[in-house]
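S.K.: Contents of data_39.txt (compact mmCIF, C-alpha atoms and all ligand atoms) are below:
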# COMPACT_ATOMS: atom_id res chain seq x y z
CA MET A 23 67.31 177.86 256.10
CA ARG A 24 66.09 174.32 256.53
CA ARG A 25 65.84 172.83 259.97
CA ILE A 26 65.66 169.31 261.27
CA ASN A 27 62.24 167.79 260.68
CA HIS A 28 60.83 165.42 263.17
CA GLY A 29 59.09 162.43 261.71
CA GLY A 30 61.45 160.88 259.18
CA SER A 31 60.87 157.18 259.54
CA CYS A 32 63.66 154.74 260.24
CA GLY A 33 61.62 151.73 261.21
CA ASP A 34 60.41 152.22 264.77
CA SER A 35 63.82 153.16 266.01
CA CYS A 36 65.33 156.33 267.32
CA CYS A 37 67.34 157.76 264.45
CA LEU A 38 68.87 160.90 262.97
CA ARG A 39 68.55 160.52 259.20
CA ILE A 40 70.55 162.63 256.78
CA GLN A 41 69.49 162.20 253.19
CA ASP A 42 70.94 163.66 249.97
CA LEU A 43 72.44 166.54 251.91
CA SER A 44 74.53 169.16 250.19
CA VAL A 45 75.95 172.43 251.48
CA ARG A 46 77.14 175.36 249.43
CA ILE A 47 79.03 178.34 250.82
CA GLY A 48 79.00 181.06 248.18
CA THR A 49 79.83 179.30 244.95
CA ASP A 50 81.78 176.49 246.67
CA LYS A 51 80.08 173.13 247.13
CA ILE A 52 81.41 172.10 250.53
CA LEU A 53 79.38 168.88 250.90
CA LYS A 54 77.41 166.80 248.43
CA ASP A 55 75.28 163.66 248.46
CA VAL A 56 75.67 162.95 252.18
CA ASN A 57 73.49 160.03 253.31
CA LEU A 58 73.82 158.83 256.88
CA HIS A 59 71.73 157.25 259.64
CA ILE A 60 72.76 157.66 263.28
CA HIS A 61 70.83 155.51 265.73
CA CYS A 62 70.31 156.33 269.39
CA GLY A 63 72.94 154.80 271.60
CA GLN A 64 75.52 154.91 268.80
CA MET A 65 78.86 156.65 268.89
CA VAL A 66 79.60 157.82 265.35
CA ALA A 67 83.01 159.30 264.51
CA LEU A 68 83.38 161.67 261.59
CA ILE A 69 86.88 161.69 260.17
CA GLY A 70 88.57 163.33 257.20
CA PRO A 71 91.35 165.77 256.34
CA ASN A 72 91.27 169.44 257.34
CA GLY A 73 88.78 171.33 255.20
CA ALA A 74 86.82 168.14 254.36
CA GLY A 75 83.55 169.62 255.64
CA LYS A 76 83.27 167.85 259.01
CA SER A 77 82.40 170.97 261.02
CA THR A 78 80.12 172.12 258.19
CA LEU A 79 78.11 168.90 258.45
CA LEU A 80 77.77 169.36 262.22
CA LYS A 81 76.61 172.96 261.70
CA ALA A 82 74.02 171.85 259.14
CA ILE A 83 72.63 169.39 261.70
CA LEU A 84 72.59 172.20 264.28
CA GLY A 85 70.67 174.45 261.87
CA GLN A 86 73.58 176.91 261.63
CA ARG A 87 74.25 176.27 257.93
CA GLU A 88 71.82 176.32 255.03
CA TYR A 89 71.59 173.04 253.16
CA ASP A 90 69.66 171.13 250.55
CA GLY A 91 68.36 167.68 251.37
CA ILE A 92 66.75 166.20 254.45
CA ILE A 93 67.82 166.04 258.08
CA ALA A 94 65.13 164.25 260.05
CA PHE A 95 64.89 162.87 263.54
CA SER A 96 62.52 160.20 264.76
CA ALA A 97 62.12 158.54 268.12
CA PRO A 98 59.44 156.27 269.56
CA GLY A 99 57.00 158.24 271.67
CA MET A 100 58.18 161.65 270.47
CA ARG A 101 55.40 163.99 269.47
CA HIS A 102 55.09 164.65 265.77
CA ARG A 103 57.17 167.62 264.57
CA LYS A 104 58.97 168.04 267.88
CA PRO A 105 62.61 168.71 267.00
CA PRO A 106 65.35 166.77 268.77
CA ARG A 107 67.26 168.38 271.58
CA ILE A 108 70.91 168.71 270.59
CA GLY A 109 73.82 169.16 272.98
CA TYR A 110 76.85 170.75 271.30
CA VAL A 111 80.46 171.40 272.24
CA PRO A 112 82.20 173.47 269.53
CA GLN A 113 85.72 173.03 268.20
CA SER A 114 88.55 174.61 270.25
CA PRO A 115 86.59 176.78 272.68
CA SER A 116 88.99 179.04 274.56
CA PHE A 117 88.79 181.22 277.65
CA ASP A 118 91.16 183.95 278.77
CA PRO A 119 93.51 182.43 281.40
CA GLY A 120 93.11 185.59 283.51
CA ASP A 121 89.33 185.61 283.36
CA PRO A 122 87.84 185.48 286.90
CA VAL A 123 84.73 183.53 285.75
CA SER A 124 84.38 180.27 287.68
CA VAL A 125 82.73 177.05 286.53
CA ALA A 126 79.82 177.86 288.86
CA ASP A 127 79.50 181.34 287.27
CA LEU A 128 79.47 179.77 283.80
CA PHE A 129 76.63 177.42 284.75
CA ALA A 130 74.76 180.29 286.43
CA CYS A 131 74.95 182.32 283.19
CA CYS A 132 73.66 179.40 281.14
CA MET A 133 71.04 177.99 283.48
CA SER A 134 69.68 180.88 285.51
CA ARG A 135 68.47 184.43 284.96
CA ARG A 136 70.07 185.52 288.22
CA PRO A 137 73.20 187.68 287.56
CA ALA A 138 76.37 185.62 288.12
CA PHE A 139 77.86 188.26 290.46
CA LEU A 140 75.11 187.52 293.01
CA GLY A 141 76.50 184.01 293.37
CA LEU A 142 74.62 180.73 293.18
CA GLY A 143 71.64 180.01 295.40
CA ARG A 144 71.74 176.71 297.32
CA ASP A 145 69.34 174.97 294.91
CA MET A 146 71.23 176.09 291.84
CA ARG A 147 74.57 175.05 293.37
CA ASP A 148 73.12 171.58 294.05
CA LYS A 149 71.88 171.44 290.45
CA VAL A 150 75.32 172.42 289.09
CA ILE A 151 76.98 169.75 291.25
CA GLU A 152 74.48 167.20 289.89
CA CYS A 153 75.39 168.24 286.30
CA LEU A 154 79.12 168.05 287.01
CA GLU A 155 78.72 164.62 288.64
CA ARG A 156 77.57 163.27 285.25
CA VAL A 157 81.10 163.96 283.98
CA HIS A 158 82.86 163.15 287.27
CA GLY A 159 83.77 166.83 287.55
CA GLU A 160 82.07 168.02 290.75
CA GLU A 161 85.44 169.10 292.20
CA LEU A 162 85.76 171.67 289.38
CA ILE A 163 82.82 173.81 290.51
CA ASP A 164 84.85 176.61 292.10
CA LYS A 165 87.79 176.57 289.66
CA ARG A 166 88.28 179.44 287.25
CA VAL A 167 87.31 178.37 283.73
CA GLY A 168 90.51 179.94 282.32
CA SER A 169 92.65 177.76 284.61
CA LEU A 170 91.17 174.43 283.50
CA SER A 171 93.26 171.90 281.55
CA GLY A 172 92.02 170.90 278.07
CA GLY A 173 90.43 167.73 279.46
CA GLU A 174 88.79 169.53 282.40
CA LEU A 175 87.36 172.20 280.09
CA GLN A 176 85.90 169.54 277.80
CA ARG A 177 84.26 167.86 280.80
CA VAL A 178 82.71 171.14 281.98
CA LEU A 179 81.41 171.99 278.49
CA LEU A 180 80.11 168.45 278.18
CA ALA A 181 78.25 168.81 281.49
CA LEU A 182 76.65 172.00 280.12
CA ALA A 183 75.74 170.26 276.85
CA LEU A 184 74.06 167.45 278.83
CA GLU A 185 71.67 169.82 280.66
CA PRO A 186 68.89 169.43 279.76
CA LEU A 187 69.60 165.91 278.55
CA PRO A 188 69.75 165.99 274.73
CA ASN A 189 68.69 163.37 272.17
CA ILE A 190 71.92 163.88 270.26
CA LEU A 191 75.31 165.02 271.50
CA ILE A 192 77.54 166.70 268.92
CA LEU A 193 81.22 167.22 269.72
CA ASP A 194 83.62 168.92 267.32
CA GLU A 195 87.15 167.61 267.92
CA PRO A 196 86.75 167.09 271.67
CA LEU A 197 90.12 165.34 271.90
CA SER A 198 92.26 168.11 270.44
CA GLY A 199 94.17 169.98 273.14
CA VAL A 200 93.72 167.06 275.55
CA ASP A 201 96.74 164.95 276.59
CA VAL A 202 96.75 161.22 275.86
CA GLU A 203 95.75 160.21 279.40
CA GLY A 204 92.97 162.81 279.36
CA GLN A 205 91.78 161.54 275.96
CA THR A 206 91.26 158.01 277.29
CA GLY A 207 89.46 159.40 280.36
CA LEU A 208 87.21 161.55 278.16
CA MET A 209 86.38 158.68 275.79
CA ASP A 210 85.63 156.34 278.73
CA MET A 211 83.29 158.97 280.11
CA LEU A 212 81.54 159.52 276.77
CA ASP A 213 81.11 155.77 276.45
CA GLU A 214 79.54 155.65 279.92
CA ILE A 215 77.20 158.59 279.14
CA ARG A 216 76.20 157.05 275.80
CA LYS A 217 75.21 153.78 277.45
CA ARG A 218 73.58 155.36 280.53
CA PHE A 219 71.34 157.75 278.58
CA ASP A 220 71.06 155.83 275.27
CA LEU A 221 72.44 158.94 273.57
CA SER A 222 73.55 159.32 269.98
CA ILE A 223 76.99 160.87 269.95
CA LEU A 224 78.41 162.35 266.77
CA MET A 225 81.98 163.54 267.07
CA THR A 226 84.76 164.61 264.76
CA THR A 227 88.29 163.49 265.54
CA HIS A 228 91.77 163.06 264.15
CA ASP A 229 92.67 160.52 266.85
CA PHE A 230 92.09 157.33 264.90
CA GLY A 231 93.70 155.12 267.58
CA MET A 232 90.61 155.64 269.79
CA LEU A 233 88.12 154.51 267.17
CA PRO A 234 88.27 150.69 267.36
CA GLN A 235 87.59 150.76 271.11
CA TYR A 236 84.91 153.45 271.25
CA ALA A 237 83.17 154.08 267.91
CA ASN A 238 80.24 152.00 266.63
CA LYS A 239 80.49 153.58 263.21
CA VAL A 240 83.16 155.63 261.42
CA VAL A 241 82.37 157.94 258.52
CA LEU A 242 85.21 159.14 256.29
CA ILE A 243 84.37 162.36 254.47
CA ASP A 244 86.13 164.61 252.01
CA HIS A 245 83.34 166.89 250.70
CA GLY A 246 81.16 163.78 250.53
CA ILE A 247 81.14 160.38 252.20
CA LEU A 248 84.00 158.24 250.91
CA LYS A 249 83.50 155.29 253.23
CA LYS A 250 81.36 154.37 256.24
CA GLY A 251 81.33 151.25 258.37
CA THR A 252 82.91 149.75 261.45
CA PRO A 253 86.23 151.27 262.57
CA GLY A 254 88.08 148.30 261.07
CA GLU A 255 86.27 148.57 257.73
CA VAL A 256 87.05 152.27 257.37
CA LEU A 257 90.57 152.41 258.82
CA ASN A 258 91.68 149.49 256.64
CA SER A 259 89.98 150.73 253.50
CA GLU A 260 91.57 151.84 250.26
CA GLU A 261 89.65 155.13 250.58
CA PHE A 262 91.27 155.84 253.97
CA ARG A 263 94.71 155.00 252.62
CA GLN A 264 94.23 157.20 249.59
CA VAL A 265 92.99 160.24 251.55
CA PHE A 266 95.69 160.22 254.17
CA HIS A 267 98.49 158.98 251.92
CA ARG A 268 97.64 161.72 249.43
CA LYS A 269 97.83 164.26 252.25
CA GLY A 270 101.25 162.88 253.22
CA GLY A 271 99.87 161.59 256.52
CA CYS A 272 99.02 165.13 257.62
CA VAL A 273 95.52 165.26 259.00
P1 LIG A 301 86.72 170.57 258.57
O1 LIG A 301 85.92 170.75 259.81
O2 LIG A 301 86.59 169.21 257.95
O3 LIG A 301 88.17 170.93 258.76
P2 LIG A 301 85.10 172.75 257.58
O4 LIG A 301 83.74 172.19 257.58
O5 LIG A 301 85.46 173.68 258.70
O6 LIG A 301 86.16 171.57 257.47
O7 LIG A 301 85.34 173.53 256.23
C1 LIG A 301 85.09 172.93 254.96
C2 LIG A 301 85.36 173.93 253.88
O8 LIG A 301 84.39 174.96 253.97
C3 LIG A 301 86.72 174.59 253.97
O9 LIG A 301 87.22 174.74 252.65
C4 LIG A 301 86.43 175.92 254.57
O10 LIG A 301 87.35 176.88 254.15
C5 LIG A 301 85.02 176.21 254.03
N1 LIG A 301 84.27 177.04 254.96
C6 LIG A 301 83.84 176.69 256.18
N2 LIG A 301 83.17 177.71 256.77
C7 LIG A 301 83.19 178.73 255.86
C8 LIG A 301 82.65 180.05 255.86
N3 LIG A 301 81.96 180.53 256.88
N4 LIG A 301 82.87 180.81 254.76
C9 LIG A 301 83.55 180.33 253.70
N5 LIG A 301 84.06 179.09 253.63
C10 LIG A 301 83.91 178.30 254.70
MG MG A 302 86.42 171.34 261.75
Here is a file; write its structure as structure tokens.
M.R.:
Amino acid sequence: MRRINHGGSCGDSCCLRIQDLSVRIGTDKILKDVNLHIHCGQMVALIGPNGAGKSTLLKAILGQREYDGIIAFSAPGMRHRKPPRIGYVPQSPSFDPGDPVSVADLFACCMSRRPAFLGLGRDMRDKVIECLERVHGEELIDKRVGSLSGGELQRVLLALALEPLPNILILDEPLSGVDVEGQTGLMDMLDEIRKRFDLSILMTTHDFGMLPQYANKVVLIDHGILKKGTPGEVLNSEEFRQVFHRKGGCV
């Protein structure tokens, strides 16, 4: 399996470079000829119909799918060959509503070797509060994970993905299962995090209405890149019309 190489050059800038990427699963070619640059501080939205290969592309970047081609990361001051740190929130994570695990327990499991049933030490609790503050979610610390709303769960998982602070944040359909008000709140928060930490954010979404306000770049894929550009360029393109018209508007 190939992994991200550090050292692909993209001028002197901080950049994730995907070049001539293709992914096969069995005999099926899921993605072909994908070429894309994502610069630090950019919010890039990946759109396309169901089954287009959006999650597959994210998994290739994460090193969870074999691929042909190049995925390279470069950043000023980064040591040669050091791979980027990637924060990831998967598509539709779910927790049993009756599960007694609290947000604090979840962080303890991920960030400490101490068994969760022993509770959090003072230092670790302070650290978890600091992580949750990044997503304005400190009041969630003692809630049960299974009782969280879609938007609250996304914020908690985002706080986990941001510790330690990654170079690239990858979110697979973070807006699905979140009500409209929660979606705007989540996008505002992602925008704030992107600017504050100069993060690259790559997210998949079917909520096109959010794109003009929040995305720097939109990439339309259907087993390969059909169109990339500003939200206006992609959403008003013939390629966009053809993909979603052909699918009868069902995305
Ligand atoms: P999207 O996220 O755009 O909805 P996916 O990347 O999940 O699409 O899937 C793209 C295609 O790859 C689909 O046809 C899907 O059935 C296929 N696929 C994804 N994962 C697997 C797998 N593990 N085994 C076989 N086929 C898969
Ligand atoms: Mg998907």
S.K.: Please return as a ChimeraX atom specification the residues found within 10 Å of ligand MG 302 (chain A), counting all atoms listed in the file.
M.R.: /A:69-81,112-114,194-195,226-227
S.K.: Tell me which of A:Pro186, A:Leu193, A:Arg263, A:Gly207 sits closest to ligand LIG 301 (chain A), counting all atoms listed in the file.
M.R.: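 Between A:Pro186, A:Leu193, A:Arg263, A:Gly207, the residue approaching ligand LIG 301 (chain A) most closely is A:Leu193.
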S.K.: List as a PDB file with C-alpha atoms, in the frame of the given file the protein and nucleic acid residues near A:Glu174, meaning an atom at most 10 Å away when all atoms listed in the file are counted, but skip any in the same chain fewer than 4 places from it.
M.R.:
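This is the output file around-v1.pdb:
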ATOM      1  CA  VAL A 157      81.100 163.960 283.980  1.00  0.00           C
ATOM      2  CA  HIS A 158      82.860 163.150 287.270  1.00  0.00           C
ATOM      3  CA  GLY A 159      83.770 166.830 287.550  1.00  0.00           C
ATOM      4  CA  LEU A 162      85.760 171.670 289.380  1.00  0.00           C
ATOM      5  CA  VAL A 167      87.310 178.370 283.730  1.00  0.00           C
ATOM      6  CA  SER A 169      92.650 177.760 284.610  1.00  0.00           C
ATOM      7  CA  LEU A 170      91.170 174.430 283.500  1.00  0.00           C
ATOM      8  CA  VAL A 178      82.710 171.140 281.980  1.00  0.00           C
ATOM      9  CA  LEU A 179      81.410 171.990 278.490  1.00  0.00           C
ATOM     10  CA  LEU A 180      80.110 168.450 278.180  1.00  0.00           C
ATOM     11  CA  VAL A 200      93.720 167.060 275.550  1.00  0.00           C
ATOM     12  CA  GLY A 204      92.970 162.810 279.360  1.00  0.00           C
ATOM     13  CA  LEU A 208      87.210 161.550 278.160  1.00  0.00           C
TER      14      LEU A 208
END
S.K.: Calculated over all atoms listed in the file, which of the candidates A:Cys153, A:Leu257, A:Val123, A:His245 has the smallest distance to A:Gly141?
M.R.: A:Val123
S.K.: Residues near A:Leu184, anyone? I mean within 12 Å using only C-alpha atoms, not counting same-chain ones fewer than 2 positions away, as a PyMOL selection string.
M.R.: chain A and resi 107-111+129+133+150+152-157+177-182+186-193+212+215-216+219+221+223
S.K.: Restricting the calculation to only C-alpha atoms and all ligand atoms, which member of A:Val256, A:Ile60, A:Leu242, A:Met232 is positioned closest to ligand LIG 301 (chain A)?
M.R.: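 Of the candidates, the smallest distance to ligand LIG 301 (chain A) is held by A:Leu242.
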S.K.: Pick the closest to A:Gln235 from A:Ala67, A:Asp148, A:Phe95, A:Gly199: which is it, counting only C-alpha atoms?
M.R.: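 Closest to A:Gln235, using only C-alpha atoms: A:Ala67.
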S.K.: Hey, which bits of stretch 59-132 of chain A sit within 6 Å of stretch 34-45 of chain A, and for each residue what's the closest pair of atoms and how far apart in Å (one decimal), counting only C-alpha atoms, rows by chain and increasing number, as JSON lines?
M.R.:
{"residue": "A:His59", "atom": "CA", "partner": "A:Arg39", "partner_atom": "CA", "distance": 4.6}
{"residue": "A:Ile60", "atom": "CA", "partner": "A:Leu38", "partner_atom": "CA", "distance": 5.1}
{"residue": "A:His61", "atom": "CA", "partner": "A:Cys37", "partner_atom": "CA", "distance": 4.3}
{"residue": "A:Cys62", "atom": "CA", "partner": "A:Cys36", "partner_atom": "CA", "distance": 5.4}
{"residue": "A:Tyr89", "atom": "CA", "partner": "A:Val45", "partner_atom": "CA", "distance": 4.7}
{"residue": "A:Asp90", "atom": "CA", "partner": "A:Ser44", "partner_atom": "CA", "distance": 5.3}
{"residue": "A:Gly91", "atom": "CA", "partner": "A:Leu43", "partner_atom": "CA", "distance": 4.3}
{"residue": "A:Ile92", "atom": "CA", "partner": "A:Gln41", "partner_atom": "CA", "distance": 5.0}
{"residue": "A:Ile93", "atom": "CA", "partner": "A:Ile40", "partner_atom": "CA", "distance": 4.6}
{"residue": "A:Ala94", "atom": "CA", "partner": "A:Arg39", "partner_atom": "CA", "distance": 5.1}
{"residue": "A:Phe95", "atom": "CA", "partner": "A:Leu38", "partner_atom": "CA", "distance": 4.5}
{"residue": "A:Ser96", "atom": "CA", "partner": "A:Cys37", "partner_atom": "CA", "distance": 5.4}
{"residue": "A:Ala97", "atom": "CA", "partner": "A:Cys36", "partner_atom": "CA", "distance": 4.0}
S.K.: Keeping only C-alpha atoms, write the selected residues to a file as a compact mmCIF listing (two decimals), keeping the file's coordinate frame.
M.R.:
# COMPACT_ATOMS: atom_id res chain seq x y z
CA HIS A 59 71.73 157.25 259.64
CA ILE A 60 72.76 157.66 263.28
CA HIS A 61 70.83 155.51 265.73
CA CYS A 62 70.31 156.33 269.39
CA TYR A 89 71.59 173.04 253.16
CA ASP A 90 69.66 171.13 250.55
CA GLY A 91 68.36 167.68 251.37
CA ILE A 92 66.75 166.20 254.45
CA ILE A 93 67.82 166.04 258.08
CA ALA A 94 65.13 164.25 260.05
CA PHE A 95 64.89 162.87 263.54
CA SER A 96 62.52 160.20 264.76
CA ALA A 97 62.12 158.54 268.12
S.K.: Go through A:Leu142, A:Ile83, A:Ile47, A:Ala183 and flag the residue nearest ligand LIG 301 (chain A), using all atoms listed in the file for the distances.
M.R.: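 Using all atoms listed in the file, ligand LIG 301 (chain A) sits closest to A:Ile47.
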S.K.: Would you work out the distance separating atom CA of A:Ala126 from atom CA of A:Ile163, expressed in Å to one decimal?
M.R.: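 Atom CA of A:Ile163 lies 5.3 Å from atom CA of A:Ala126.
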S.K.: One decimal, Å: what's the distance from atom CA of A:Val125 over to atom CA of A:Asp164, could you say?
M.R.: 6.0 Å
S.K.: Find the residue from A:Ser116, A:Ser259, A:Ser222, A:Gln86 that sits nearest to ligand LIG 301 (chain A); use all atoms listed in the file when measuring.
M.R.: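 Among A:Ser116, A:Ser259, A:Ser222, A:Gln86, it is A:Gln86 that comes nearest to ligand LIG 301 (chain A).
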S.K.: Interatomic distance between atom O3 of ligand LIG 301 (chain A) and atom CA of A:Gly168?
M.R.: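 Calculated distance between atom O3 of ligand LIG 301 (chain A) and atom CA of A:Gly168 is 25.3 Å.
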